[in-house]
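The structure appears below as structure tokens.
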Amino acid sequence: MKVSSAILKIFLITLCLGVLTAHKLATDGGDSTVDASSQETAQSNTAAQVTETAEDPASVKPLPKKPFNLADFQMEIVLGVVLILYIINFFVGKGQNKKIAEKWLKVHKEAFEENFETIGMEEGGKLLDAESFNNYRFYASGRINCHYAMATIETKRRQDLLSMSILSFIWPQKDRYSLEIPLTNPNIPAIFALVRRKHIKQHMQNYLDIESLAVKRPCEGLNDNLAILSEHDEIIPTIMDERVLKMFNKFERYIQMVHLTDQKMFSNYDVAIRFDFLLPPNEKLYEDFVVLTKVAFYIADKLANYNMSPAVRAKAEKTRKAIHEKINKRRQEEKVEEAQRK
């Protein structure tokens, strides 16, 4: 399990608190030393008074102690309060994230058991693998038409007080669920992406296969908030049939991306499809949300039996050859430039 940044922040706050406290003690000690030195000087300058004091020990009075003042420790108190809040928020936030992941598993477990022979990373082990305090993985295997299914539940960083307070205004967070399915059919030279319309530019910048091979294409009946980027029109009706279109339109607000690729963008297998969803804000809606996972299995089955026409296949292979040559040329130029800089 990766160490959370919240633990590092707690350590830094504790360190600052210790340094400031030590500084305060050192400063107070220095003041006492100065006071004592001044008193000693004054006594040496008045020899007569010292003699009288020596003759009458009862008249010796101890130096007054500096009274405790809470205002002198304002910085330490503030840091201490922040530290306590961080610790409380850490455990509460971590528990909330775990609860969300377990709720997802409870709702989706039956769907995976019906479609896969084995669920969980290890037989007899935990079904959910905690990658971090806000990232959980679920693995299923043993199904025709796909090698496996890997689900990732990435929640908000609730365990991190800074991320959930100040940084949330700059980078808003949402609970997410992604499902990666490598397909057993390796003969699908195609790029397809269903994305939110406002994120088209972002996805084209982030994914080289979409940028190089896909263009925006129409799909009758699709919600206006969604858009399709595809290499060719032929594969669109295979994926977006009436059943899929109906479900995607119904749960449009939860759909972030559906990405089919043969360019190994997120998997080492020849062809893979990934579904990126937002989790509903209310856990009571998870029961309805599970239908999107079932639709993902349905699409994987359809693609396993997809036969591309010879003309489209020939064009796709020709395009890929040209793009691969371009990419290789670019890499060679980068290597030469790097060698020249050395």
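As shown in the structure tokens, the chain order sets the letters A, B, ...; within each chain, residues go from 1, and ligands are also counted from 1 in the order they appear.
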Task: Residues flagged helix (DSSP H, G or I) by DSSP in stretch 171-304 of chain A, as a ChimeraX atom specification - done: /A:197-206,208-213,236-239,242-250,252-254,283-289,291-304
Open item on the list: One number please: atom CA of A:Met308 to atom CA of A:Glu180, in Å, one decimal.
Closed with: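 Atom CA of A:Met308 sits 22.6 Å away from atom CA of A:Glu180.
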